[in-house]
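S.K.: Structure file data.cif, mmCIF, N, CA, C and O atoms, is pasted below:
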```cif
data_protein
loop_
_atom_site.group_PDB
_atom_site.id
_atom_site.type_symbol
_atom_site.label_atom_id
_atom_site.label_comp_id
_atom_site.auth_asym_id
_atom_site.auth_seq_id
_atom_site.Cartn_x
_atom_site.Cartn_y
_atom_site.Cartn_z
ATOM 1 N N MET A 23 -195.697 32.693 -16.722
ATOM 2 C CA MET A 23 -196.960 33.295 -17.100
ATOM 3 C C MET A 23 -196.821 33.919 -18.494
ATOM 4 O O MET A 23 -195.822 34.536 -18.811
ATOM 5 N N VAL A 24 -197.836 33.766 -19.316
ATOM 6 C CA VAL A 24 -197.817 34.272 -20.692
ATOM 7 C C VAL A 24 -198.394 35.672 -20.718
ATOM 8 O O VAL A 24 -199.435 35.934 -20.141
ATOM 9 N N ARG A 25 -197.670 36.569 -21.372
ATOM 10 C CA ARG A 25 -198.178 37.930 -21.502
ATOM 11 C C ARG A 25 -199.240 37.998 -22.581
ATOM 12 O O ARG A 25 -199.196 37.256 -23.565
ATOM 13 N N SER A 26 -200.194 38.906 -22.437
ATOM 14 C CA SER A 26 -201.292 39.005 -23.403
ATOM 15 C C SER A 26 -200.789 39.444 -24.779
ATOM 16 O O SER A 26 -201.374 39.089 -25.791
ATOM 17 N N GLY A 27 -199.728 40.209 -24.841
ATOM 18 C CA GLY A 27 -199.169 40.628 -26.121
ATOM 19 C C GLY A 27 -198.642 39.435 -26.913
ATOM 20 O O GLY A 27 -198.775 39.371 -28.135
ATOM 21 N N THR A 28 -198.046 38.490 -26.214
ATOM 22 C CA THR A 28 -197.538 37.281 -26.867
ATOM 23 C C THR A 28 -198.683 36.444 -27.425
ATOM 24 O O THR A 28 -198.614 35.931 -28.543
ATOM 25 N N VAL A 29 -199.745 36.323 -26.645
ATOM 26 C CA VAL A 29 -200.910 35.557 -27.102
ATOM 27 C C VAL A 29 -201.524 36.222 -28.325
ATOM 28 O O VAL A 29 -201.865 35.545 -29.304
ATOM 29 N N ARG A 30 -201.656 37.536 -28.283
ATOM 30 C CA ARG A 30 -202.209 38.256 -29.436
ATOM 31 C C ARG A 30 -201.338 38.075 -30.667
ATOM 32 O O ARG A 30 -201.837 37.896 -31.772
ATOM 33 N N TRP A 31 -200.019 38.110 -30.495
ATOM 34 C CA TRP A 31 -199.107 37.948 -31.613
ATOM 35 C C TRP A 31 -199.255 36.557 -32.220
ATOM 36 O O TRP A 31 -199.345 36.419 -33.441
ATOM 37 N N TRP A 32 -199.294 35.507 -31.375
ATOM 38 C CA TRP A 32 -199.460 34.143 -31.883
ATOM 39 C C TRP A 32 -200.817 33.967 -32.561
ATOM 40 O O TRP A 32 -200.926 33.299 -33.575
ATOM 41 N N TRP A 33 -201.848 34.556 -31.992
ATOM 42 C CA TRP A 33 -203.182 34.451 -32.592
ATOM 43 C C TRP A 33 -203.200 35.121 -33.972
ATOM 44 O O TRP A 33 -203.738 34.577 -34.923
ATOM 45 N N ALA A 34 -202.611 36.290 -34.100
ATOM 46 C CA ALA A 34 -202.539 36.992 -35.388
ATOM 47 C C ALA A 34 -201.717 36.174 -36.384
ATOM 48 O O ALA A 34 -202.057 36.092 -37.565
ATOM 49 N N ARG A 35 -200.664 35.561 -35.920
ATOM 50 C CA ARG A 35 -199.822 34.733 -36.796
ATOM 51 C C ARG A 35 -200.590 33.507 -37.298
ATOM 52 O O ARG A 35 -200.506 33.150 -38.467
ATOM 53 N N LEU A 36 -201.340 32.862 -36.430
ATOM 54 C CA LEU A 36 -202.127 31.698 -36.820
ATOM 55 C C LEU A 36 -203.205 32.058 -37.845
ATOM 56 O O LEU A 36 -203.486 31.289 -38.758
ATOM 57 N N ARG A 37 -203.819 33.215 -37.703
ATOM 58 C CA ARG A 37 -204.869 33.621 -38.639
ATOM 59 C C ARG A 37 -204.331 33.926 -40.016
ATOM 60 O O ARG A 37 -205.039 33.781 -40.999
ATOM 61 N N THR A 38 -203.078 34.338 -40.121
ATOM 62 C CA THR A 38 -202.532 34.743 -41.424
ATOM 63 C C THR A 38 -201.702 33.657 -42.094
ATOM 64 O O THR A 38 -201.208 33.875 -43.192
ATOM 65 N N ILE A 39 -201.575 32.492 -41.487
ATOM 66 C CA ILE A 39 -200.740 31.441 -42.083
ATOM 67 C C ILE A 39 -201.276 31.014 -43.439
ATOM 68 O O ILE A 39 -200.555 30.925 -44.418
ATOM 69 N N GLY A 40 -202.570 30.736 -43.560
ATOM 70 C CA GLY A 40 -203.124 30.276 -44.825
ATOM 71 C C GLY A 40 -203.773 31.369 -45.643
ATOM 72 O O GLY A 40 -204.502 31.090 -46.584
ATOM 73 N N ALA A 41 -203.526 32.605 -45.322
ATOM 74 C CA ALA A 41 -204.233 33.699 -45.977
ATOM 75 C C ALA A 41 -203.609 34.133 -47.301
ATOM 76 O O ALA A 41 -204.194 34.919 -48.012
ATOM 77 N N ASP A 42 -202.449 33.600 -47.669
ATOM 78 C CA ASP A 42 -201.781 34.068 -48.880
ATOM 79 C C ASP A 42 -201.973 33.073 -50.025
ATOM 80 O O ASP A 42 -201.035 32.477 -50.526
ATOM 81 N N ASP A 43 -203.227 32.902 -50.466
ATOM 82 C CA ASP A 43 -203.513 32.016 -51.593
ATOM 83 C C ASP A 43 -204.239 32.816 -52.664
ATOM 84 O O ASP A 43 -205.336 32.510 -53.063
ATOM 85 N N ARG A 44 -203.571 33.839 -53.148
ATOM 86 C CA ARG A 44 -204.202 34.807 -54.046
ATOM 87 C C ARG A 44 -204.755 34.206 -55.327
ATOM 88 O O ARG A 44 -205.837 34.526 -55.747
ATOM 89 N N GLY A 45 -204.066 33.326 -56.005
ATOM 90 C CA GLY A 45 -204.544 32.796 -57.272
ATOM 91 C C GLY A 45 -205.373 31.532 -57.142
ATOM 92 O O GLY A 45 -205.794 30.968 -58.125
ATOM 93 N N MET A 46 -205.616 31.105 -55.936
ATOM 94 C CA MET A 46 -206.252 29.816 -55.737
ATOM 95 C C MET A 46 -207.684 29.780 -56.245
ATOM 96 O O MET A 46 -208.066 28.834 -56.919
ATOM 97 N N THR A 47 -208.487 30.762 -55.965
ATOM 98 C CA THR A 47 -209.888 30.699 -56.380
ATOM 99 C C THR A 47 -210.008 30.758 -57.906
ATOM 100 O O THR A 47 -210.861 30.084 -58.467
ATOM 101 N N THR A 48 -209.167 31.502 -58.557
ATOM 102 C CA THR A 48 -209.202 31.559 -60.011
ATOM 103 C C THR A 48 -208.871 30.200 -60.605
ATOM 104 O O THR A 48 -209.534 29.749 -61.546
ATOM 105 N N ALA A 49 -207.894 29.530 -60.063
ATOM 106 C CA ALA A 49 -207.530 28.198 -60.549
ATOM 107 C C ALA A 49 -208.663 27.203 -60.302
ATOM 108 O O ALA A 49 -208.946 26.357 -61.153
ATOM 109 N N GLU A 50 -209.299 27.297 -59.157
ATOM 110 C CA GLU A 50 -210.407 26.385 -58.862
ATOM 111 C C GLU A 50 -211.575 26.621 -59.810
ATOM 112 O O GLU A 50 -212.200 25.664 -60.275
ATOM 113 N N TYR A 51 -211.885 27.868 -60.104
ATOM 114 C CA TYR A 51 -212.951 28.167 -61.061
ATOM 115 C C TYR A 51 -212.604 27.636 -62.446
ATOM 116 O O TYR A 51 -213.452 27.117 -63.162
ATOM 117 N N ALA A 52 -211.354 27.777 -62.848
ATOM 118 C CA ALA A 52 -210.930 27.310 -64.165
ATOM 119 C C ALA A 52 -211.071 25.789 -64.266
ATOM 120 O O ALA A 52 -211.582 25.268 -65.259
ATOM 121 N N VAL A 53 -210.639 25.066 -63.245
ATOM 122 C CA VAL A 53 -210.745 23.607 -63.259
ATOM 123 C C VAL A 53 -212.208 23.185 -63.222
ATOM 124 O O VAL A 53 -212.622 22.262 -63.939
ATOM 125 N N GLY A 54 -213.019 23.856 -62.422
ATOM 126 C CA GLY A 54 -214.443 23.540 -62.360
ATOM 127 C C GLY A 54 -215.151 23.795 -63.678
ATOM 128 O O GLY A 54 -215.986 22.996 -64.114
ATOM 129 N N THR A 55 -214.824 24.891 -64.327
ATOM 130 C CA THR A 55 -215.417 25.208 -65.623
ATOM 131 C C THR A 55 -215.003 24.193 -66.676
ATOM 132 O O THR A 55 -215.830 23.737 -67.477
ATOM 133 N N LEU A 56 -213.749 23.817 -66.678
ATOM 134 C CA LEU A 56 -213.259 22.815 -67.619
ATOM 135 C C LEU A 56 -213.950 21.468 -67.395
ATOM 136 O O LEU A 56 -214.361 20.800 -68.349
ATOM 137 N N ALA A 57 -214.113 21.081 -66.149
ATOM 138 C CA ALA A 57 -214.786 19.817 -65.841
ATOM 139 C C ALA A 57 -216.248 19.865 -66.270
ATOM 140 O O ALA A 57 -216.779 18.882 -66.811
ATOM 141 N N ALA A 58 -216.920 20.981 -66.046
ATOM 142 C CA ALA A 58 -218.322 21.115 -66.449
ATOM 143 C C ALA A 58 -218.465 21.046 -67.968
ATOM 144 O O ALA A 58 -219.393 20.408 -68.483
ATOM 145 N N CYS A 59 -217.568 21.676 -68.690
ATOM 146 C CA CYS A 59 -217.610 21.624 -70.157
ATOM 147 C C CYS A 59 -217.344 20.214 -70.670
ATOM 148 O O CYS A 59 -217.992 19.761 -71.621
ATOM 149 N N ALA A 60 -216.411 19.513 -70.059
ATOM 150 C CA ALA A 60 -216.124 18.137 -70.470
ATOM 151 C C ALA A 60 -217.328 17.238 -70.211
ATOM 152 O O ALA A 60 -217.693 16.404 -71.049
ATOM 153 N N LEU A 61 -217.968 17.391 -69.068
ATOM 154 C CA LEU A 61 -219.159 16.607 -68.750
ATOM 155 C C LEU A 61 -220.293 16.919 -69.728
ATOM 156 O O LEU A 61 -220.985 16.013 -70.199
ATOM 157 N N ALA A 62 -220.461 18.189 -70.069
ATOM 158 C CA ALA A 62 -221.497 18.576 -71.028
ATOM 159 C C ALA A 62 -221.220 17.957 -72.402
ATOM 160 O O ALA A 62 -222.144 17.491 -73.071
ATOM 161 N N ALA A 63 -219.976 17.929 -72.819
ATOM 162 C CA ALA A 63 -219.631 17.334 -74.113
ATOM 163 C C ALA A 63 -219.914 15.837 -74.129
ATOM 164 O O ALA A 63 -220.460 15.306 -75.104
ATOM 165 N N VAL A 64 -219.582 15.155 -73.042
ATOM 166 C CA VAL A 64 -219.846 13.714 -72.960
ATOM 167 C C VAL A 64 -221.344 13.456 -72.970
ATOM 168 O O VAL A 64 -221.832 12.576 -73.686
ATOM 169 N N LEU A 65 -222.102 14.220 -72.195
ATOM 170 C CA LEU A 65 -223.552 14.032 -72.171
ATOM 171 C C LEU A 65 -224.177 14.325 -73.529
ATOM 172 O O LEU A 65 -225.100 13.629 -73.965
ATOM 173 N N TYR A 66 -223.693 15.331 -74.222
ATOM 174 C CA TYR A 66 -224.199 15.653 -75.553
ATOM 175 C C TYR A 66 -223.971 14.491 -76.513
ATOM 176 O O TYR A 66 -224.855 14.114 -77.276
ATOM 177 N N LYS A 67 -222.760 13.930 -76.468
ATOM 178 C CA LYS A 67 -222.452 12.794 -77.347
ATOM 179 C C LYS A 67 -223.329 11.594 -77.017
ATOM 180 O O LYS A 67 -223.787 10.883 -77.913
ATOM 181 N N VAL A 68 -223.582 11.356 -75.746
ATOM 182 C CA VAL A 68 -224.412 10.214 -75.353
ATOM 183 C C VAL A 68 -225.851 10.422 -75.804
ATOM 184 O O VAL A 68 -226.478 9.520 -76.372
ATOM 185 N N VAL A 69 -226.398 11.599 -75.545
ATOM 186 C CA VAL A 69 -227.803 11.859 -75.861
ATOM 187 C C VAL A 69 -228.047 11.897 -77.370
ATOM 188 O O VAL A 69 -229.109 11.500 -77.837
ATOM 189 N N THR A 70 -227.074 12.346 -78.138
ATOM 190 C CA THR A 70 -227.271 12.424 -79.588
ATOM 191 C C THR A 70 -226.874 11.140 -80.308
ATOM 192 O O THR A 70 -226.959 11.081 -81.532
ATOM 193 N N SER A 71 -226.486 10.105 -79.578
ATOM 194 C CA SER A 71 -226.164 8.838 -80.233
ATOM 195 C C SER A 71 -227.454 8.153 -80.676
ATOM 196 O O SER A 71 -228.540 8.396 -80.140
ATOM 197 N N GLY A 72 -227.349 7.294 -81.665
ATOM 198 C CA GLY A 72 -228.508 6.628 -82.251
ATOM 199 C C GLY A 72 -229.346 5.820 -81.266
ATOM 200 O O GLY A 72 -230.563 6.009 -81.191
ATOM 201 N N PRO A 73 -228.741 4.915 -80.512
ATOM 202 C CA PRO A 73 -229.544 4.094 -79.598
ATOM 203 C C PRO A 73 -230.267 4.915 -78.516
ATOM 204 O O PRO A 73 -231.420 4.622 -78.182
ATOM 205 N N VAL A 74 -229.612 5.924 -78.010
ATOM 206 C CA VAL A 74 -230.244 6.746 -76.964
ATOM 207 C C VAL A 74 -231.381 7.566 -77.556
ATOM 208 O O VAL A 74 -232.447 7.707 -76.939
ATOM 209 N N GLN A 75 -231.202 8.082 -78.761
ATOM 210 C CA GLN A 75 -232.295 8.828 -79.397
ATOM 211 C C GLN A 75 -233.492 7.923 -79.662
ATOM 212 O O GLN A 75 -234.634 8.327 -79.449
ATOM 213 N N ALA A 76 -233.234 6.703 -80.103
ATOM 214 C CA ALA A 76 -234.337 5.763 -80.328
ATOM 215 C C ALA A 76 -235.052 5.445 -79.019
ATOM 216 O O ALA A 76 -236.299 5.385 -78.975
ATOM 217 N N LEU A 77 -234.304 5.267 -77.956
ATOM 218 C CA LEU A 77 -234.902 4.987 -76.648
ATOM 219 C C LEU A 77 -235.746 6.165 -76.174
ATOM 220 O O LEU A 77 -236.885 5.982 -75.714
ATOM 221 N N LEU A 78 -235.219 7.355 -76.294
ATOM 222 C CA LEU A 78 -235.977 8.540 -75.881
ATOM 223 C C LEU A 78 -237.228 8.719 -76.727
ATOM 224 O O LEU A 78 -238.303 9.062 -76.202
ATOM 225 N N ARG A 79 -237.110 8.478 -78.027
ATOM 226 C CA ARG A 79 -238.266 8.598 -78.914
ATOM 227 C C ARG A 79 -239.358 7.598 -78.518
ATOM 228 O O ARG A 79 -240.537 7.934 -78.458
ATOM 229 N N SER A 80 -238.959 6.353 -78.212
ATOM 230 C CA SER A 80 -239.962 5.354 -77.825
ATOM 231 C C SER A 80 -240.619 5.695 -76.496
ATOM 232 O O SER A 80 -241.829 5.490 -76.327
ATOM 233 N N VAL A 81 -239.854 6.223 -75.566
ATOM 234 C CA VAL A 81 -240.426 6.622 -74.272
ATOM 235 C C VAL A 81 -241.431 7.749 -74.469
ATOM 236 O O VAL A 81 -242.534 7.734 -73.900
ATOM 237 N N ILE A 82 -241.097 8.736 -75.282
ATOM 238 C CA ILE A 82 -242.003 9.863 -75.520
ATOM 239 C C ILE A 82 -243.252 9.394 -76.263
ATOM 240 O O ILE A 82 -244.373 9.803 -75.922
ATOM 241 N N GLU A 83 -243.105 8.514 -77.244
ATOM 242 C CA GLU A 83 -244.260 8.005 -77.976
ATOM 243 C C GLU A 83 -245.194 7.210 -77.070
ATOM 244 O O GLU A 83 -246.427 7.330 -77.146
ATOM 245 N N ARG A 84 -244.617 6.397 -76.183
ATOM 246 C CA ARG A 84 -245.454 5.647 -75.237
ATOM 247 C C ARG A 84 -246.165 6.577 -74.280
ATOM 248 O O ARG A 84 -247.316 6.351 -73.923
ATOM 249 N N ALA A 85 -245.491 7.646 -73.859
ATOM 250 C CA ALA A 85 -246.116 8.605 -72.939
ATOM 251 C C ALA A 85 -247.247 9.346 -73.627
ATOM 252 O O ALA A 85 -248.286 9.652 -73.006
ATOM 253 N N ILE A 86 -247.100 9.664 -74.900
ATOM 254 C CA ILE A 86 -248.138 10.379 -75.651
ATOM 255 C C ILE A 86 -249.347 9.472 -75.901
ATOM 256 O O ILE A 86 -250.501 9.910 -75.859
ATOM 257 N N ASN A 87 -249.098 8.198 -76.141
ATOM 258 C CA ASN A 87 -250.167 7.271 -76.490
ATOM 259 C C ASN A 87 -250.815 6.572 -75.281
ATOM 260 O O ASN A 87 -251.491 5.571 -75.445
ATOM 261 N N VAL A 88 -250.617 7.079 -74.102
ATOM 262 C CA VAL A 88 -251.214 6.457 -72.902
ATOM 263 C C VAL A 88 -252.707 6.659 -72.925
ATOM 264 O O VAL A 88 -253.217 7.748 -73.185
ATOM 265 N N GLN A 89 -253.453 5.573 -72.648
ATOM 266 C CA GLN A 89 -254.916 5.625 -72.584
ATOM 267 C C GLN A 89 -255.349 5.963 -71.159
ATOM 268 O O GLN A 89 -254.916 5.344 -70.208
ATOM 269 N N PHE A 90 -256.210 6.949 -71.002
ATOM 270 C CA PHE A 90 -256.719 7.325 -69.678
ATOM 271 C C PHE A 90 -258.054 6.718 -69.436
ATOM 272 O O PHE A 90 -258.881 6.524 -70.220
#
```
What does this structure look like when you write it as structure tokens?

M.R.:
Amino acid sequence: MVRSGTVRWWWARLRTIGADDRGMTTAEYAVGTLAACALAAVLYKVVTSGPVQALLRSVIERAINVQF
């Protein structure tokens, strides 16, 4: 038969096994921020390229010149 103190001890041990990850959230935020900045830089380069600007300009001009 298992004593309740033993069960409590094992339960407390199981809850604290993964609890010592002190720097983990900071590292995850840093990687996420770096990835977001890299994606923003790539999107900026794509949107400011000549062909994409011409495409966007033509789409906006067609939208402005729509006959109702």

S.K.: Report, in Å to a single decimal, how far apart atom CA of Val69 of chain A and atom O of Ala52 of chain A are.

M.R.: 23.6 Å

S.K.: Report, in Å to a single decimal, how far apart atom N of Ser80 of chain A and atom O of Val68 of chain A are.

M.R.: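 Value for the atom O of Val68 of chain A-atom N of Ser80 of chain A distance: 13.0 Å.
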
S.K.: How far is it from atom N of Gln75 of chain A to atom N of Ala58 of chain A, in Å with one decimal?

M.R.: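 So the answer is 23.1 Å.
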
S.K.: Would you mind writing down, as a ChimeraX atom specification, each residue of chain A that DSSP on the backbone assigns to helix (DSSP H, G or I)?

M.R.: /A:26-38,46-69,72-86

S.K.: First collect every listed atom of segment 32-40 of chain A; then fit an axis-aligned box around them, widen it by 8 Å on each side, and give centre and edge lengths in Å to one decimal, as lines of an AutoDock Vina configuration file.

M.R.:
```
center_x = -202.2
center_y = 33.6
center_z = -39.0
size_x = 21.7
size_y = 22.7
size_z = 31.2
```

S.K.: Any chance you could build segment 78-89 of chain A out to all heavy atoms and write it as a compact mmCIF listing (two decimals), in the coordinates of the input?

M.R.:
```txt
# COMPACT_ATOMS: atom_id res chain seq x y z
N LEU A 78 -235.22 7.36 -76.29
CA LEU A 78 -235.98 8.54 -75.88
C LEU A 78 -237.23 8.72 -76.73
O LEU A 78 -238.30 9.06 -76.20
CB LEU A 78 -235.09 9.80 -75.97
CG LEU A 78 -233.97 9.91 -74.94
CD1 LEU A 78 -233.10 11.11 -75.27
CD2 LEU A 78 -234.54 10.04 -73.55
N ARG A 79 -237.11 8.48 -78.03
CA ARG A 79 -238.27 8.60 -78.91
C ARG A 79 -239.36 7.60 -78.52
O ARG A 79 -240.54 7.93 -78.46
CB ARG A 79 -237.84 8.38 -80.36
CG ARG A 79 -238.95 8.64 -81.36
CD ARG A 79 -238.47 8.53 -82.80
NE ARG A 79 -237.49 9.58 -83.09
CZ ARG A 79 -236.23 9.35 -83.45
NH1 ARG A 79 -235.78 8.13 -83.58
NH2 ARG A 79 -235.42 10.36 -83.70
N SER A 80 -238.96 6.35 -78.21
CA SER A 80 -239.96 5.35 -77.82
C SER A 80 -240.62 5.70 -76.50
O SER A 80 -241.83 5.49 -76.33
CB SER A 80 -239.34 3.96 -77.77
OG SER A 80 -238.45 3.86 -76.68
N VAL A 81 -239.85 6.22 -75.57
CA VAL A 81 -240.43 6.62 -74.27
C VAL A 81 -241.43 7.75 -74.47
O VAL A 81 -242.53 7.73 -73.90
CB VAL A 81 -239.31 7.05 -73.29
CG1 VAL A 81 -239.88 7.74 -72.07
CG2 VAL A 81 -238.48 5.85 -72.88
N ILE A 82 -241.10 8.74 -75.28
CA ILE A 82 -242.00 9.86 -75.52
C ILE A 82 -243.25 9.39 -76.26
O ILE A 82 -244.37 9.80 -75.92
CB ILE A 82 -241.27 10.98 -76.30
CG1 ILE A 82 -240.21 11.61 -75.40
CG2 ILE A 82 -242.25 12.03 -76.79
CD1 ILE A 82 -239.29 12.57 -76.09
N GLU A 83 -243.10 8.51 -77.24
CA GLU A 83 -244.26 8.01 -77.98
C GLU A 83 -245.19 7.21 -77.07
O GLU A 83 -246.43 7.33 -77.15
CB GLU A 83 -243.82 7.16 -79.17
CG GLU A 83 -243.26 7.98 -80.31
CD GLU A 83 -242.69 7.12 -81.42
OE1 GLU A 83 -242.66 5.87 -81.28
OE2 GLU A 83 -242.26 7.71 -82.43
N ARG A 84 -244.62 6.40 -76.18
CA ARG A 84 -245.45 5.65 -75.24
C ARG A 84 -246.16 6.58 -74.28
O ARG A 84 -247.32 6.35 -73.92
CB ARG A 84 -244.61 4.64 -74.45
CG ARG A 84 -244.27 3.44 -75.26
CD ARG A 84 -243.70 2.32 -74.44
NE ARG A 84 -243.03 2.76 -73.21
CZ ARG A 84 -242.05 2.13 -72.64
NH1 ARG A 84 -241.58 1.00 -73.19
NH2 ARG A 84 -241.51 2.56 -71.54
N ALA A 85 -245.49 7.65 -73.86
CA ALA A 85 -246.12 8.60 -72.94
C ALA A 85 -247.25 9.35 -73.63
O ALA A 85 -248.29 9.65 -73.01
CB ALA A 85 -245.08 9.60 -72.42
N ILE A 86 -247.10 9.66 -74.90
CA ILE A 86 -248.14 10.38 -75.65
C ILE A 86 -249.35 9.47 -75.90
O ILE A 86 -250.50 9.91 -75.86
CB ILE A 86 -247.57 10.92 -76.97
CG1 ILE A 86 -246.61 12.06 -76.68
CG2 ILE A 86 -248.69 11.40 -77.89
CD1 ILE A 86 -245.86 12.56 -77.88
N ASN A 87 -249.10 8.20 -76.14
CA ASN A 87 -250.17 7.27 -76.49
C ASN A 87 -250.82 6.57 -75.28
O ASN A 87 -251.49 5.57 -75.44
CB ASN A 87 -249.65 6.21 -77.46
CG ASN A 87 -249.27 6.81 -78.79
OD1 ASN A 87 -249.90 7.77 -79.23
ND2 ASN A 87 -248.25 6.27 -79.42
N VAL A 88 -250.62 7.08 -74.10
CA VAL A 88 -251.21 6.46 -72.90
C VAL A 88 -252.71 6.66 -72.92
O VAL A 88 -253.22 7.75 -73.18
CB VAL A 88 -250.61 7.08 -71.61
CG1 VAL A 88 -251.37 6.66 -70.39
CG2 VAL A 88 -249.14 6.70 -71.48
N GLN A 89 -253.45 5.57 -72.65
CA GLN A 89 -254.92 5.62 -72.58
C GLN A 89 -255.35 5.96 -71.16
O GLN A 89 -254.92 5.34 -70.21
CB GLN A 89 -255.51 4.27 -72.99
CG GLN A 89 -255.15 3.84 -74.38
CD GLN A 89 -255.84 4.69 -75.43
OE1 GLN A 89 -256.96 5.11 -75.23
NE2 GLN A 89 -255.16 4.93 -76.54
```
